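Some notes on the structure that comes next.
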Amino acid sequence: MQLSTSILLVIALAPLVGCLLAGFLGRFIGRAGSHTATILGVAVSCALSMYVLYQMCTGAEIYNHNIYTWFEIGKFSASVGFMIDKLSAMMMVVVTFVSLLVHIYTIGYMADDDGYQRFFSYISLFTFSMLMLVMSNNFMQLFFGWEAVGLVSYLLIGFWFKRPTAIFANLKAFLVNRVGDFGFLLGIAAILYFLGTLDYATAFTNADSLIGRTLHITANTQWDAATVISILLFIGAMGKSAQVPLHVWLPDSMEGPTPISALIHAATMVTAGIFMVARMSPIFELSESALSFVMIIGATGALFTGLIGIVQNDIKRVVAYSTLSQLGYMTVALGVSAYAGAVFHLMTHAFFKALLFLGAGSVIIAMHHEQDMRYMGGLRKYMPITWITMWIGSLALCGVPFFAGFYSKDAIIEAVGESHRWGATYAHFCVMAGAFVTALYTFRQMYLTFHGKERFKVVSDHGHVHDHHDEHHDDHDHHESGVLHHAPKESPWVVTLPLILLAIPSLVIGYLAVQPMLFGHWFGDAIRLHEGNDVLEKVGEGFTSSFAMALHGFTQLPFILVALAFIITTYIYLFNPAMAGRIKSWLKPLWTVLDRKYWIDNVYFAVFAKGGVALGRALWKGGDTAVIDGIVVDGSASLVQRIASVARRLQSGYLYHYAFAMILGLILLLGGYWLVGQ
């Protein structure tokens, strides 16, 4: 059974058509026309993606064909084509499903915004770009999709372009991603240099030819070709998937509207790097050094970025730092050759993280765009649907058995424990400690937002203040709380329906998919492992059923750590709120380190931003002003002027001056002839 080329073209192009209609005709078709066109485009794409995944699961052949040849130069060519196997089909469903729900959610969230049509156009273009990335069958098209999602994320993060903070955030995201993309481009160039092709299938077939080949950096320095290629490609993933130390752009991207937080941080842009490394498994498997590098970077991110989430008070930033931490888990899985585990966690994470972001947006709507959790509390009685769905997402994020996140996260922790690769001991400590840290900031967020006493004021239409504000005993300095014009209420159905639809897979997708995806070689040849590297096979030796795995999970250390974090946060935020302030004062130095985000942003700003300005000023004053203007341009003009002023004195206009000059010249000429004659 063969997949249809026309169906694949419709999947990729339907969101683009919606984008163009909303973008160029938005003024004529209005708000309803814009959201109808874009939602219809993504819905068609989602439905057909599900059909393609169904076909792949029922025996369809892997599709790998070029649709259009872009250029041919000698033996090199670049094409537009699709490679559809179970890996890309699963990604297509995840991207389009989450995108569809974000589109629907946007109707409610952006209802009062002037840029309504423009926003729908952008998110549809984002979906098209991501589909081109995951469906590509060659490195050139991969790079096109890679850069396109970066460009559209720049537009989306800075959507509210009148806010200086939004402009700073989108510029920061764009520049940091360019650092990673430079490495990515060098990696693609190295593949073309060593393997002579941009086509995936050809490159993967010939990947073993890299063994023993080296890259000469200097006469006495040689680097292993596979290691160089893998690390360069992974540097691209570090930028796109926000890995340490290129992670700094992601928390600041919260300046964009909440729907794009879900779109960028859940299923699409940040997972592009994870998908890319899994796709490139035939190349990464050739280098133990590169895989250890990937593992160490991921482990560092999984623990240390999660710690920052504990001290955040902005509801969206807590979820953003949890994204950084979970991306670290995926990267660790890649580093121990558990590619299927990384992609499985990518899928489960997409659902519960999109749920948490959209749930946070629902809270923000109810709180009149107040994002500080210190001014919330007690919202569960006002927003029961948001409350229940966010608890489902939170328990999935913490890896509580039977929830989706448990199956993927627990498998990664066990896989790291089975690995004997260099750095695996450090990585295992980080992912284990990360389970405790994740539960701490997640339960803290839920308690501050939905439980405890209300910490806000409601002003009635007659100006009467209903004081819901109690003394702040949690971990912050005292501020006057926010004032609402009416009591919080549940969001409209266009907001709550996506929450319910995301809560369902957050509950069941792990239970249903863990056996085939992790232990059933479901991905087939899409992921290739060298003999002895299959740590998931070792993890799966004791696997009998999803139910038994969850029951066993209750006895394991990760769940014990989650339960400990639950007890600590419940005691502090429900029974002894004053304790939070005392803990903060006791651990003030640690709190400062986390609040300043390890000063990484400060270092980047001091070295690169201010350093770049200083270098530019030096080149301007020393190069442009002093050398080019002072010496070359103005200097040559002043030299000509000085010569001319001297020459001008010789042209006096008096006859006797000229006669004297002629006689003097004649004497000098005769004297010269006489000297030559001697």
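We label chains A, B, ... in the order they appear in the structure tokens, count residues from 1 in each chain, and number ligands from 1 in the order shown.
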Give one line per residue of region 490-556 of chain A that approaches region 399-409 of chain A to at most 8 Å, naming the two atoms of the closest pair and their distance in Å to one decimal, counting only C-alpha atoms; sort by chain then ascending residue number and deliver it as JSON lines.
{"residue": "A:Pro505", "atom": "CA", "partner": "A:Ala404", "partner_atom": "CA", "distance": 7.3}
{"residue": "A:Ser506", "atom": "CA", "partner": "A:Ala404", "partner_atom": "CA", "distance": 5.2}
{"residue": "A:Leu507", "atom": "CA", "partner": "A:Phe403", "partner_atom": "CA", "distance": 4.9}
{"residue": "A:Val508", "atom": "CA", "partner": "A:Ala404", "partner_atom": "CA", "distance": 6.0}
{"residue": "A:Ile509", "atom": "CA", "partner": "A:Ala404", "partner_atom": "CA", "distance": 5.7}
{"residue": "A:Gly510", "atom": "CA", "partner": "A:Ala404", "partner_atom": "CA", "distance": 4.0}
{"residue": "A:Tyr511", "atom": "CA", "partner": "A:Ala404", "partner_atom": "CA", "distance": 6.5}
{"residue": "A:Val514", "atom": "CA", "partner": "A:Tyr407", "partner_atom": "CA", "distance": 6.5}
{"residue": "A:Phe547", "atom": "CA", "partner": "A:Phe402", "partner_atom": "CA", "distance": 7.5}
{"residue": "A:Ala550", "atom": "CA", "partner": "A:Pro401", "partner_atom": "CA", "distance": 4.8}
{"residue": "A:Leu551", "atom": "CA", "partner": "A:Pro401", "partner_atom": "CA", "distance": 7.2}
{"residue": "A:Gly553", "atom": "CA", "partner": "A:Pro401", "partner_atom": "CA", "distance": 6.0}
{"residue": "A:Phe554", "atom": "CA", "partner": "A:Pro401", "partner_atom": "CA", "distance": 6.7}
Expected answer as JSON, numbers by chain: alpha helix (DSSP H) residues in region 121-246 of chain A = {"A": [121, 122, 123, 124, 125, 126, 127, 128, 129, 130, 131, 132, 133, 134, 135, 139, 140, 141, 142, 143, 144, 145, 146, 147, 148, 149, 150, 151, 152, 153, 154, 155, 156, 157, 164, 165, 166, 167, 168, 169, 170, 171, 172, 173, 174, 175, 176, 177, 178, 179, 180, 181, 182, 183, 184, 185, 186, 187, 188, 189, 190, 191, 192, 193, 194, 195, 200, 201, 202, 203, 204, 205, 225, 226, 227, 228, 229, 230, 231, 232, 233, 234, 235, 236, 237, 238, 239, 240]}
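The smallest atom-to-atom distance between Ile107 (chain A) and any of A:Phe119, A:Phe168, A:Phe24, A:Tyr673, using only C-alpha atoms, is found for A:Phe119.
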Looking only at the backbone, which of the residues in region 407-627 of chain A does DSSP tag as strand (DSSP E), as JSON, numbers by chain?
-> {"A": [457, 458, 459, 465, 466, 467, 483, 484]}
Those residues you just picked out, can you put them in a file as a PDB file, in the first residue's frame with C-alpha atoms?
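Listing of part08.pdb after writing:
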ATOM      1  CA  LYS A 457      -9.798  42.384  45.402  1.00  0.00           C
ATOM      2  CA  VAL A 458     -13.000  42.593  43.389  1.00  0.00           C
ATOM      3  CA  VAL A 459     -14.432  46.070  42.719  1.00  0.00           C
ATOM      4  CA  VAL A 465     -14.515  46.668  47.184  1.00  0.00           C
ATOM      5  CA  HIS A 466     -15.030  43.017  48.079  1.00  0.00           C
ATOM      6  CA  ASP A 467     -11.739  42.199  49.734  1.00  0.00           C
ATOM      7  CA  VAL A 483      -7.868  44.628  41.715  1.00  0.00           C
ATOM      8  CA  LEU A 484     -10.480  42.929  39.498  1.00  0.00           C
TER       9      LEU A 484
END
Can you tell me, as a count of residues only, what residues are no more than 12 Å from Tyr51 (chain A) when counting only C-alpha atoms, ignoring any on the same chain fewer than 6 positions away?
-> 14
Residues of region 192-283 of chain A within 8 Å of region 524-528 of chain A: nearest atom pair and distance (Å, one decimal) for each, counting only C-alpha atoms, sorted by chain and number, as a tab-separated table?
residue	atom	partner	partner_atom	distance
A:Ala278	CA	A:Ile527	CA	6.6
A:Arg279	CA	A:Ile527	CA	6.6
A:Ser281	CA	A:Arg528	CA	5.9
A:Pro282	CA	A:Arg528	CA	5.5
Ile365 (chain A) surroundings by only C-alpha atoms, 12 Å radius, close-in-sequence under 4 positions cut, as number ranges by chain | A: 105-106, 108-112, 257-258, 358-361, 369-371, 383, 386, 484, 487-492, 495-496
Leaving out Leu156 (chain A) and any residue of its chain fewer than 6 positions from it, which residues lie within 10 Å of it when counting only C-alpha atoms, given as a list of chain:residue names?
-> A:Arg118, A:Phe119, A:Tyr122, A:Ile123, A:Phe126, A:Gly150, A:Ala166, A:Asn170, A:Ser253, A:Glu255, A:Gly256, A:Pro257, A:Pro259, A:Ile260, A:Ser261, A:Ile264
Can you pull out every residue within 8 Å of Gly423 (chain A), counting only C-alpha atoms, but drop anything in the same chain fewer than 4 positions away, and send it as a PDB file with N, CA and C atoms, in the first residue's frame?
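Written file, selection-v1.pdb:
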ATOM      1  N   SER A 292      27.812  11.373  24.247  1.00  0.00           N
ATOM      2  CA  SER A 292      28.104  11.785  25.634  1.00  0.00           C
ATOM      3  C   SER A 292      27.914  13.288  25.798  1.00  0.00           C
ATOM      4  N   MET A 295      24.245  13.964  25.996  1.00  0.00           N
ATOM      5  CA  MET A 295      23.720  13.529  27.287  1.00  0.00           C
ATOM      6  C   MET A 295      24.048  14.523  28.399  1.00  0.00           C
ATOM      7  N   ILE A 296      25.286  14.998  28.440  1.00  0.00           N
ATOM      8  CA  ILE A 296      25.701  15.934  29.496  1.00  0.00           C
ATOM      9  C   ILE A 296      24.932  17.254  29.387  1.00  0.00           C
ATOM     10  N   ALA A 427      24.284  12.058  34.550  1.00  0.00           N
ATOM     11  CA  ALA A 427      22.971  12.243  33.922  1.00  0.00           C
ATOM     12  C   ALA A 427      21.875  11.576  34.741  1.00  0.00           C
TER      13      ALA A 427
END
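The closest residue to Gly115 (chain A), picked from A:Phe82, A:Phe174, A:Phe76, A:Trp160 and counting only C-alpha atoms, is A:Trp160.
CA of Ile308 (chain A) to CA of Leu594 (chain A) spans 5.0 Å [interatomic distance, one decimal].
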